[in-house]
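Source file: model06.txt; contents: compact mmCIF, N, CA and C atoms.
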# COMPACT_ATOMS: atom_id res chain seq x y z
N MET Y 14 0.82 -1.19 0.00
CA MET Y 14 0.00 0.00 0.00
C MET Y 14 0.87 1.26 0.00
N ARG Y 15 1.99 1.19 0.67
CA ARG Y 15 2.88 2.35 0.74
C ARG Y 15 3.46 2.68 -0.63
N SER Y 16 3.79 1.69 -1.42
CA SER Y 16 4.36 1.97 -2.74
C SER Y 16 3.34 2.64 -3.66
N LEU Y 17 2.07 2.29 -3.53
CA LEU Y 17 1.03 2.93 -4.33
C LEU Y 17 0.91 4.40 -3.93
N LYS Y 18 1.01 4.67 -2.65
CA LYS Y 18 0.94 6.04 -2.16
C LYS Y 18 2.14 6.85 -2.66
N GLN Y 19 3.31 6.23 -2.63
CA GLN Y 19 4.50 6.92 -3.11
C GLN Y 19 4.43 7.18 -4.61
N ALA Y 20 3.83 6.29 -5.34
CA ALA Y 20 3.72 6.46 -6.79
C ALA Y 20 2.65 7.49 -7.15
N ALA Y 21 1.59 7.56 -6.36
CA ALA Y 21 0.49 8.47 -6.68
C ALA Y 21 0.76 9.91 -6.24
N THR Y 22 1.60 10.11 -5.26
CA THR Y 22 1.85 11.45 -4.74
C THR Y 22 2.42 12.41 -5.79
N PRO Y 23 3.46 12.05 -6.52
CA PRO Y 23 3.97 12.98 -7.54
C PRO Y 23 2.92 13.34 -8.60
N SER Y 24 2.13 12.36 -9.00
CA SER Y 24 1.08 12.62 -9.99
C SER Y 24 0.04 13.58 -9.43
N ALA Y 25 -0.36 13.36 -8.19
CA ALA Y 25 -1.37 14.22 -7.57
C ALA Y 25 -0.84 15.64 -7.38
N VAL Y 26 0.41 15.77 -6.95
CA VAL Y 26 1.00 17.10 -6.77
C VAL Y 26 1.11 17.81 -8.11
N SER Y 27 1.54 17.12 -9.13
CA SER Y 27 1.68 17.71 -10.46
C SER Y 27 0.33 18.18 -10.98
N LEU Y 28 -0.67 17.36 -10.84
CA LEU Y 28 -2.01 17.72 -11.29
C LEU Y 28 -2.56 18.90 -10.48
N ALA Y 29 -2.29 18.91 -9.18
CA ALA Y 29 -2.76 20.02 -8.33
C ALA Y 29 -2.11 21.34 -8.75
N ILE Y 30 -0.84 21.29 -9.12
CA ILE Y 30 -0.15 22.50 -9.57
C ILE Y 30 -0.80 23.02 -10.86
N ILE Y 31 -1.05 22.14 -11.79
CA ILE Y 31 -1.65 22.54 -13.07
C ILE Y 31 -3.07 23.06 -12.86
N LEU Y 32 -3.84 22.42 -11.97
CA LEU Y 32 -5.19 22.89 -11.70
C LEU Y 32 -5.19 24.25 -11.01
N ALA Y 33 -4.25 24.49 -10.11
CA ALA Y 33 -4.15 25.79 -9.45
C ALA Y 33 -3.82 26.89 -10.46
N VAL Y 34 -2.89 26.60 -11.35
CA VAL Y 34 -2.55 27.59 -12.39
C VAL Y 34 -3.74 27.84 -13.30
N THR Y 35 -4.50 26.79 -13.61
CA THR Y 35 -5.69 26.95 -14.44
C THR Y 35 -6.70 27.86 -13.76
N ALA Y 36 -6.90 27.69 -12.46
CA ALA Y 36 -7.86 28.54 -11.73
C ALA Y 36 -7.42 30.00 -11.78
N VAL Y 37 -6.14 30.26 -11.58
CA VAL Y 37 -5.64 31.64 -11.61
C VAL Y 37 -5.78 32.23 -13.01
N LEU Y 38 -5.41 31.47 -14.02
CA LEU Y 38 -5.51 31.97 -15.39
C LEU Y 38 -6.95 32.18 -15.81
N PHE Y 39 -7.86 31.33 -15.36
CA PHE Y 39 -9.28 31.48 -15.67
C PHE Y 39 -9.80 32.79 -15.07
N TYR Y 40 -9.36 33.10 -13.85
CA TYR Y 40 -9.75 34.36 -13.21
C TYR Y 40 -9.24 35.54 -14.03
N PHE Y 41 -7.97 35.53 -14.43
CA PHE Y 41 -7.41 36.64 -15.18
C PHE Y 41 -8.03 36.78 -16.56
N LYS Y 42 -8.44 35.66 -17.14
CA LYS Y 42 -9.10 35.74 -18.45
C LYS Y 42 -10.43 36.46 -18.32
N ASP Y 43 -11.19 36.12 -17.27
CA ASP Y 43 -12.50 36.76 -17.08
C ASP Y 43 -12.39 38.18 -16.54
N ALA Y 44 -11.58 38.38 -15.52
CA ALA Y 44 -11.51 39.67 -14.86
C ALA Y 44 -10.72 40.71 -15.66
N GLN Y 45 -9.62 40.31 -16.25
CA GLN Y 45 -8.73 41.25 -16.93
C GLN Y 45 -8.80 41.18 -18.45
N HIS Y 46 -9.54 40.21 -18.99
CA HIS Y 46 -9.69 40.01 -20.43
C HIS Y 46 -8.33 39.88 -21.12
N GLN Y 47 -7.48 39.05 -20.53
CA GLN Y 47 -6.15 38.82 -21.06
C GLN Y 47 -6.18 37.70 -22.11
N HIS Y 48 -5.21 37.73 -23.01
CA HIS Y 48 -5.09 36.71 -24.04
C HIS Y 48 -3.71 36.07 -23.95
N HIS Y 49 -3.55 34.94 -24.60
CA HIS Y 49 -2.27 34.22 -24.68
C HIS Y 49 -1.78 33.77 -23.30
N LEU Y 50 -2.69 33.39 -22.45
CA LEU Y 50 -2.33 32.97 -21.09
C LEU Y 50 -1.75 31.57 -21.03
N VAL Y 51 -1.88 30.80 -22.09
CA VAL Y 51 -1.45 29.41 -22.07
C VAL Y 51 0.04 29.29 -21.77
N PHE Y 52 0.82 30.29 -22.14
CA PHE Y 52 2.27 30.19 -21.95
C PHE Y 52 2.69 30.31 -20.48
N PHE Y 53 1.77 30.74 -19.61
CA PHE Y 53 2.06 30.75 -18.18
C PHE Y 53 2.13 29.33 -17.61
N TYR Y 54 1.68 28.35 -18.36
CA TYR Y 54 1.80 26.95 -17.93
C TYR Y 54 3.24 26.44 -18.05
N LEU Y 55 4.09 27.14 -18.76
CA LEU Y 55 5.47 26.67 -18.95
C LEU Y 55 6.25 26.64 -17.64
N PHE Y 56 6.01 27.60 -16.75
CA PHE Y 56 6.73 27.61 -15.47
C PHE Y 56 6.37 26.40 -14.61
N PRO Y 57 5.08 26.10 -14.36
CA PRO Y 57 4.81 24.91 -13.55
C PRO Y 57 5.24 23.61 -14.23
N THR Y 58 5.20 23.57 -15.55
CA THR Y 58 5.66 22.38 -16.26
C THR Y 58 7.16 22.20 -16.05
N ALA Y 59 7.91 23.31 -16.10
CA ALA Y 59 9.35 23.24 -15.84
C ALA Y 59 9.63 22.86 -14.39
N LEU Y 60 8.83 23.37 -13.47
CA LEU Y 60 8.99 23.03 -12.06
C LEU Y 60 8.78 21.54 -11.83
N VAL Y 61 7.75 20.98 -12.44
CA VAL Y 61 7.50 19.54 -12.32
C VAL Y 61 8.65 18.75 -12.94
N ALA Y 62 9.21 19.24 -14.04
CA ALA Y 62 10.34 18.55 -14.67
C ALA Y 62 11.55 18.54 -13.74
N MET Y 63 11.78 19.64 -13.03
CA MET Y 63 12.92 19.69 -12.12
C MET Y 63 12.73 18.79 -10.91
N ILE Y 64 11.51 18.66 -10.44
CA ILE Y 64 11.26 17.88 -9.23
C ILE Y 64 11.04 16.41 -9.53
N TYR Y 65 10.20 16.10 -10.51
CA TYR Y 65 9.77 14.72 -10.74
C TYR Y 65 10.27 14.09 -12.02
N GLY Y 66 10.86 14.85 -12.93
CA GLY Y 66 11.38 14.25 -14.15
C GLY Y 66 10.52 14.53 -15.37
N SER Y 67 10.97 13.99 -16.49
CA SER Y 67 10.37 14.35 -17.77
C SER Y 67 9.01 13.71 -18.02
N VAL Y 68 8.79 12.51 -17.54
CA VAL Y 68 7.52 11.84 -17.85
C VAL Y 68 6.34 12.59 -17.26
N LEU Y 69 6.41 12.91 -15.97
CA LEU Y 69 5.31 13.66 -15.35
C LEU Y 69 5.20 15.05 -15.93
N SER Y 70 6.32 15.65 -16.27
CA SER Y 70 6.28 16.98 -16.85
C SER Y 70 5.61 16.97 -18.23
N MET Y 71 5.88 15.95 -19.00
CA MET Y 71 5.23 15.83 -20.31
C MET Y 71 3.73 15.61 -20.15
N LEU Y 72 3.35 14.81 -19.16
CA LEU Y 72 1.92 14.63 -18.89
C LEU Y 72 1.28 15.94 -18.44
N CYS Y 73 2.02 16.74 -17.68
CA CYS Y 73 1.53 18.05 -17.26
C CYS Y 73 1.36 18.98 -18.45
N ALA Y 74 2.28 18.94 -19.39
CA ALA Y 74 2.17 19.77 -20.59
C ALA Y 74 0.94 19.38 -21.40
N ILE Y 75 0.68 18.10 -21.50
CA ILE Y 75 -0.51 17.63 -22.22
C ILE Y 75 -1.77 18.03 -21.48
N ALA Y 76 -1.78 17.84 -20.16
CA ALA Y 76 -2.94 18.23 -19.35
C ALA Y 76 -3.17 19.74 -19.42
N ALA Y 77 -2.08 20.52 -19.39
CA ALA Y 77 -2.21 21.97 -19.48
C ALA Y 77 -2.80 22.39 -20.82
N THR Y 78 -2.39 21.72 -21.88
CA THR Y 78 -2.94 22.03 -23.20
C THR Y 78 -4.44 21.75 -23.24
N LEU Y 79 -4.84 20.62 -22.69
CA LEU Y 79 -6.27 20.28 -22.68
C LEU Y 79 -7.07 21.21 -21.78
N LEU Y 80 -6.52 21.53 -20.60
CA LEU Y 80 -7.22 22.44 -19.69
C LEU Y 80 -7.32 23.85 -20.27
N ALA Y 81 -6.26 24.30 -20.92
CA ALA Y 81 -6.30 25.62 -21.55
C ALA Y 81 -7.35 25.65 -22.67
N THR Y 82 -7.40 24.59 -23.45
CA THR Y 82 -8.41 24.51 -24.51
C THR Y 82 -9.81 24.60 -23.93
N PHE Y 83 -10.04 23.91 -22.83
CA PHE Y 83 -11.37 23.83 -22.24
C PHE Y 83 -11.77 25.11 -21.52
N PHE Y 84 -10.82 25.74 -20.80
CA PHE Y 84 -11.17 26.86 -19.94
C PHE Y 84 -10.76 28.24 -20.46
N LEU Y 85 -9.77 28.33 -21.32
CA LEU Y 85 -9.22 29.64 -21.66
C LEU Y 85 -9.53 30.12 -23.08
N TYR Y 86 -9.95 29.23 -23.96
CA TYR Y 86 -10.20 29.63 -25.35
C TYR Y 86 -11.68 29.56 -25.66
N ASP Y 87 -12.12 30.54 -26.47
CA ASP Y 87 -13.53 30.58 -26.87
C ASP Y 87 -13.83 29.49 -27.88
N PRO Y 88 -14.94 28.83 -27.80
CA PRO Y 88 -15.95 28.89 -26.75
C PRO Y 88 -15.48 28.17 -25.48
N ILE Y 89 -15.72 28.81 -24.35
CA ILE Y 89 -15.29 28.25 -23.07
C ILE Y 89 -16.14 27.02 -22.75
N PHE Y 90 -15.57 26.09 -22.02
CA PHE Y 90 -16.18 24.83 -21.61
C PHE Y 90 -16.45 23.92 -22.80
N SER Y 91 -15.55 23.99 -23.76
CA SER Y 91 -15.62 23.14 -24.93
C SER Y 91 -14.20 22.91 -25.43
N PHE Y 92 -13.97 21.76 -26.04
CA PHE Y 92 -12.66 21.50 -26.61
C PHE Y 92 -12.53 22.04 -28.03
N TYR Y 93 -13.59 22.63 -28.54
CA TYR Y 93 -13.55 23.26 -29.85
C TYR Y 93 -12.92 24.65 -29.69
N VAL Y 94 -12.00 24.99 -30.57
CA VAL Y 94 -11.37 26.31 -30.56
C VAL Y 94 -11.79 27.01 -31.86
N SER Y 95 -12.43 28.17 -31.70
CA SER Y 95 -13.03 28.82 -32.86
C SER Y 95 -12.03 29.56 -33.74
N ASP Y 96 -10.95 30.08 -33.19
CA ASP Y 96 -9.98 30.86 -33.95
C ASP Y 96 -8.79 29.98 -34.36
N PRO Y 97 -8.49 29.90 -35.64
CA PRO Y 97 -7.35 29.09 -36.08
C PRO Y 97 -6.01 29.56 -35.50
N ARG Y 98 -5.89 30.85 -35.20
CA ARG Y 98 -4.65 31.35 -34.57
C ARG Y 98 -4.49 30.78 -33.17
N ASP Y 99 -5.61 30.59 -32.47
CA ASP Y 99 -5.54 29.98 -31.14
C ASP Y 99 -5.13 28.52 -31.23
N VAL Y 100 -5.56 27.84 -32.28
CA VAL Y 100 -5.13 26.44 -32.48
C VAL Y 100 -3.62 26.40 -32.69
N GLY Y 101 -3.11 27.32 -33.49
CA GLY Y 101 -1.67 27.40 -33.69
C GLY Y 101 -0.93 27.71 -32.40
N GLU Y 102 -1.49 28.58 -31.59
CA GLU Y 102 -0.89 28.91 -30.30
C GLU Y 102 -0.86 27.69 -29.38
N LEU Y 103 -1.92 26.91 -29.37
CA LEU Y 103 -1.96 25.70 -28.56
C LEU Y 103 -0.94 24.67 -29.03
N ILE Y 104 -0.82 24.53 -30.33
CA ILE Y 104 0.17 23.58 -30.88
C ILE Y 104 1.58 24.04 -30.52
N LEU Y 105 1.85 25.34 -30.67
CA LEU Y 105 3.15 25.88 -30.32
C LEU Y 105 3.44 25.67 -28.83
N PHE Y 106 2.44 25.90 -27.98
CA PHE Y 106 2.64 25.68 -26.55
C PHE Y 106 2.93 24.21 -26.27
N ALA Y 107 2.16 23.31 -26.86
CA ALA Y 107 2.34 21.88 -26.60
C ALA Y 107 3.74 21.43 -27.01
N VAL Y 108 4.20 21.86 -28.16
CA VAL Y 108 5.54 21.48 -28.63
C VAL Y 108 6.60 22.08 -27.70
N THR Y 109 6.45 23.36 -27.36
CA THR Y 109 7.41 24.01 -26.47
C THR Y 109 7.42 23.36 -25.10
N GLY Y 110 6.24 23.04 -24.58
CA GLY Y 110 6.16 22.39 -23.27
C GLY Y 110 6.78 21.01 -23.25
N LEU Y 111 6.55 20.23 -24.29
CA LEU Y 111 7.12 18.88 -24.34
C LEU Y 111 8.64 18.91 -24.51
N ILE Y 112 9.12 19.78 -25.39
CA ILE Y 112 10.57 19.87 -25.57
C ILE Y 112 11.23 20.44 -24.32
N GLY Y 113 10.62 21.47 -23.74
CA GLY Y 113 11.17 22.06 -22.52
C GLY Y 113 11.19 21.09 -21.37
N ALA Y 114 10.15 20.27 -21.25
CA ALA Y 114 10.10 19.28 -20.17
C ALA Y 114 11.26 18.30 -20.29
N LYS Y 115 11.52 17.83 -21.48
CA LYS Y 115 12.61 16.88 -21.67
C LYS Y 115 13.97 17.53 -21.45
N CYS Y 116 14.15 18.74 -21.95
CA CYS Y 116 15.43 19.43 -21.77
C CYS Y 116 15.72 19.73 -20.31
N ILE Y 117 14.74 20.22 -19.59
CA ILE Y 117 14.95 20.55 -18.18
C ILE Y 117 15.21 19.28 -17.37
N ALA Y 118 14.48 18.23 -17.65
CA ALA Y 118 14.70 16.97 -16.93
C ALA Y 118 16.11 16.44 -17.20
N GLU Y 119 16.60 16.58 -18.42
CA GLU Y 119 17.96 16.14 -18.74
C GLU Y 119 19.00 17.00 -18.03
N LEU Y 120 18.75 18.29 -17.94
CA LEU Y 120 19.69 19.17 -17.24
C LEU Y 120 19.73 18.88 -15.75
N MET Y 121 18.63 18.43 -15.19
CA MET Y 121 18.55 18.17 -13.76
C MET Y 121 19.05 16.78 -13.39
N ARG Y 122 19.29 15.93 -14.40
CA ARG Y 122 19.74 14.57 -14.14
C ARG Y 122 21.13 14.59 -13.50
N SER Y 123 21.33 13.74 -12.52
CA SER Y 123 22.61 13.70 -11.82
C SER Y 123 23.71 13.17 -12.75
N PRO Y 124 24.95 13.56 -12.50
CA PRO Y 124 26.05 13.12 -13.38
C PRO Y 124 26.24 11.60 -13.39
N GLU Y 125 25.88 10.92 -12.31
CA GLU Y 125 26.04 9.46 -12.28
C GLU Y 125 25.12 8.77 -13.28
N LYS Y 126 23.98 9.41 -13.58
CA LYS Y 126 23.02 8.80 -14.49
C LYS Y 126 23.26 9.19 -15.94
N GLN Y 127 24.22 10.06 -16.19
CA GLN Y 127 24.51 10.48 -17.55
C GLN Y 127 25.10 9.30 -18.33
N PRO Y 128 24.74 9.18 -19.59
CA PRO Y 128 25.34 8.11 -20.40
C PRO Y 128 26.83 8.36 -20.59
N SER Y 129 27.59 7.30 -20.57
CA SER Y 129 29.05 7.45 -20.72
C SER Y 129 29.39 7.77 -22.16
N LYS Y 130 30.37 8.64 -22.34
CA LYS Y 130 30.79 9.03 -23.69
C LYS Y 130 31.98 8.17 -24.08
N LEU Y 131 31.92 7.67 -25.28
CA LEU Y 131 32.99 6.82 -25.79
C LEU Y 131 34.01 7.61 -26.56
Turn the structure described in the file into structure tokens.
Amino acid sequence: MRSLKQAATPSAVSLAIILAVTAVLFYFKDAQHQHHLVFFYLFPTALVAMIYGSVLSMLCAIAATLLATFFLYDPIFSFYVSDPRDVGELILFAVTGLIGAKCIAELMRSPEKQPSKL
């Protein structure tokens, strides 16, 4: 039972971070009428990569893309995005988030785990 708890904790923390950022961005979208908020997900995605590694960070980037689509782009509460420029922005964010997650996780890897150079 303890190993299940240890395995689930990083996932739950990562998801909680992404959900908290979504709540803040949803508020700013409504209250301040801001645009292009999806890129604020890059910081928590990088944070998850530094703490938990690339796999969870990549899942966070995917979850952030889906949550941004659902909550931040018109029409809200739908996965349909009406503006083609917003679709391009989401694709750019997803690619940037996935590449950034892998790069940061590799930079944070300890020297003992680095592949040996021949």
At a cut-off of 7 Å, using only N, CA and C atoms, what residues contact region 92-107 of chain Y? Leave out same-chain residues fewer than 2 positions from it and give the result as a compact mmCIF listing (two decimals) with N, CA and C atoms, in the coordinates of the input.
# COMPACT_ATOMS: atom_id res chain seq x y z
N VAL Y 51 -1.88 30.80 -22.09
CA VAL Y 51 -1.45 29.41 -22.07
C VAL Y 51 0.04 29.29 -21.77
N PHE Y 52 0.82 30.29 -22.14
CA PHE Y 52 2.27 30.19 -21.95
C PHE Y 52 2.69 30.31 -20.48
N ALA Y 74 2.28 18.94 -19.39
CA ALA Y 74 2.17 19.77 -20.59
C ALA Y 74 0.94 19.38 -21.40
N ILE Y 75 0.68 18.10 -21.50
CA ILE Y 75 -0.51 17.63 -22.22
C ILE Y 75 -1.77 18.03 -21.48
N THR Y 78 -2.39 21.72 -21.88
CA THR Y 78 -2.94 22.03 -23.20
C THR Y 78 -4.44 21.75 -23.24
N THR Y 82 -7.40 24.59 -23.45
CA THR Y 82 -8.41 24.51 -24.51
C THR Y 82 -9.81 24.60 -23.93
N PHE Y 83 -10.04 23.91 -22.83
CA PHE Y 83 -11.37 23.83 -22.24
C PHE Y 83 -11.77 25.11 -21.52
N TYR Y 86 -9.95 29.23 -23.96
CA TYR Y 86 -10.20 29.63 -25.35
C TYR Y 86 -11.68 29.56 -25.66
N ASP Y 87 -12.12 30.54 -26.47
CA ASP Y 87 -13.53 30.58 -26.87
C ASP Y 87 -13.83 29.49 -27.88
N PRO Y 88 -14.94 28.83 -27.80
CA PRO Y 88 -15.95 28.89 -26.75
C PRO Y 88 -15.48 28.17 -25.48
N ILE Y 89 -15.72 28.81 -24.35
CA ILE Y 89 -15.29 28.25 -23.07
C ILE Y 89 -16.14 27.02 -22.75
N PHE Y 90 -15.57 26.09 -22.02
CA PHE Y 90 -16.18 24.83 -21.61
C PHE Y 90 -16.45 23.92 -22.80
N THR Y 109 6.45 23.36 -27.36
CA THR Y 109 7.41 24.01 -26.47
C THR Y 109 7.42 23.36 -25.10
N GLY Y 110 6.24 23.04 -24.58
CA GLY Y 110 6.16 22.39 -23.27
C GLY Y 110 6.78 21.01 -23.25
N LEU Y 111 6.55 20.23 -24.29
CA LEU Y 111 7.12 18.88 -24.34
C LEU Y 111 8.64 18.91 -24.51
N ILE Y 112 9.12 19.78 -25.39
CA ILE Y 112 10.57 19.87 -25.57
C ILE Y 112 11.23 20.44 -24.32
Residue nearest Thr35 (chain Y) - candidates Y:Phe84, Y:Cys73, Y:Leu60, Y:Ser16, atoms counted: all atoms listed in the file:
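Closest residue, counting all atoms listed in the file: Y:Phe84.
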Have a look at CA of Ser70 (chain Y) and CA of Pro57 (chain Y) and let me know their distance in Å, one decimal.
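Distance reported for this atom pair: 8.7 Å.
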Selected residue of minimal separation from Leu69 (chain Y) among Y:Ser27, Y:Gly113, Y:Thr22, Y:Tyr54, counting only N, CA and C atoms:
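The answer is Y:Ser27, which sits nearest to Leu69 (chain Y).
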Pairwise distance for CA of Ala20 (chain Y) and atom C of Phe56 (chain Y), rounded to one decimal in Å:
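Straight-line distance from CA of Ala20 (chain Y) to atom C of Phe56 (chain Y) works out to 21.6 Å.
The environment of Arg122 (chain Y) within 12 Å, counting only C-alpha atoms and disregarding residues fewer than 6 places along the same chain, consists of Y:Ala62, Y:Met63, Y:Ile64, Y:Tyr65, Y:Gly66, Y:Ser67, Y:Lys115, Y:Cys116, Y:Pro128.
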Which of these residues is nearest to Leu32 (chain Y), using all atoms listed in the file: Y:Ala44, Y:Met71, Y:Ala77, Y:Leu55?
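Ranking Y:Ala44, Y:Met71, Y:Ala77, Y:Leu55 by distance to Leu32 (chain Y), first place goes to Y:Ala77.
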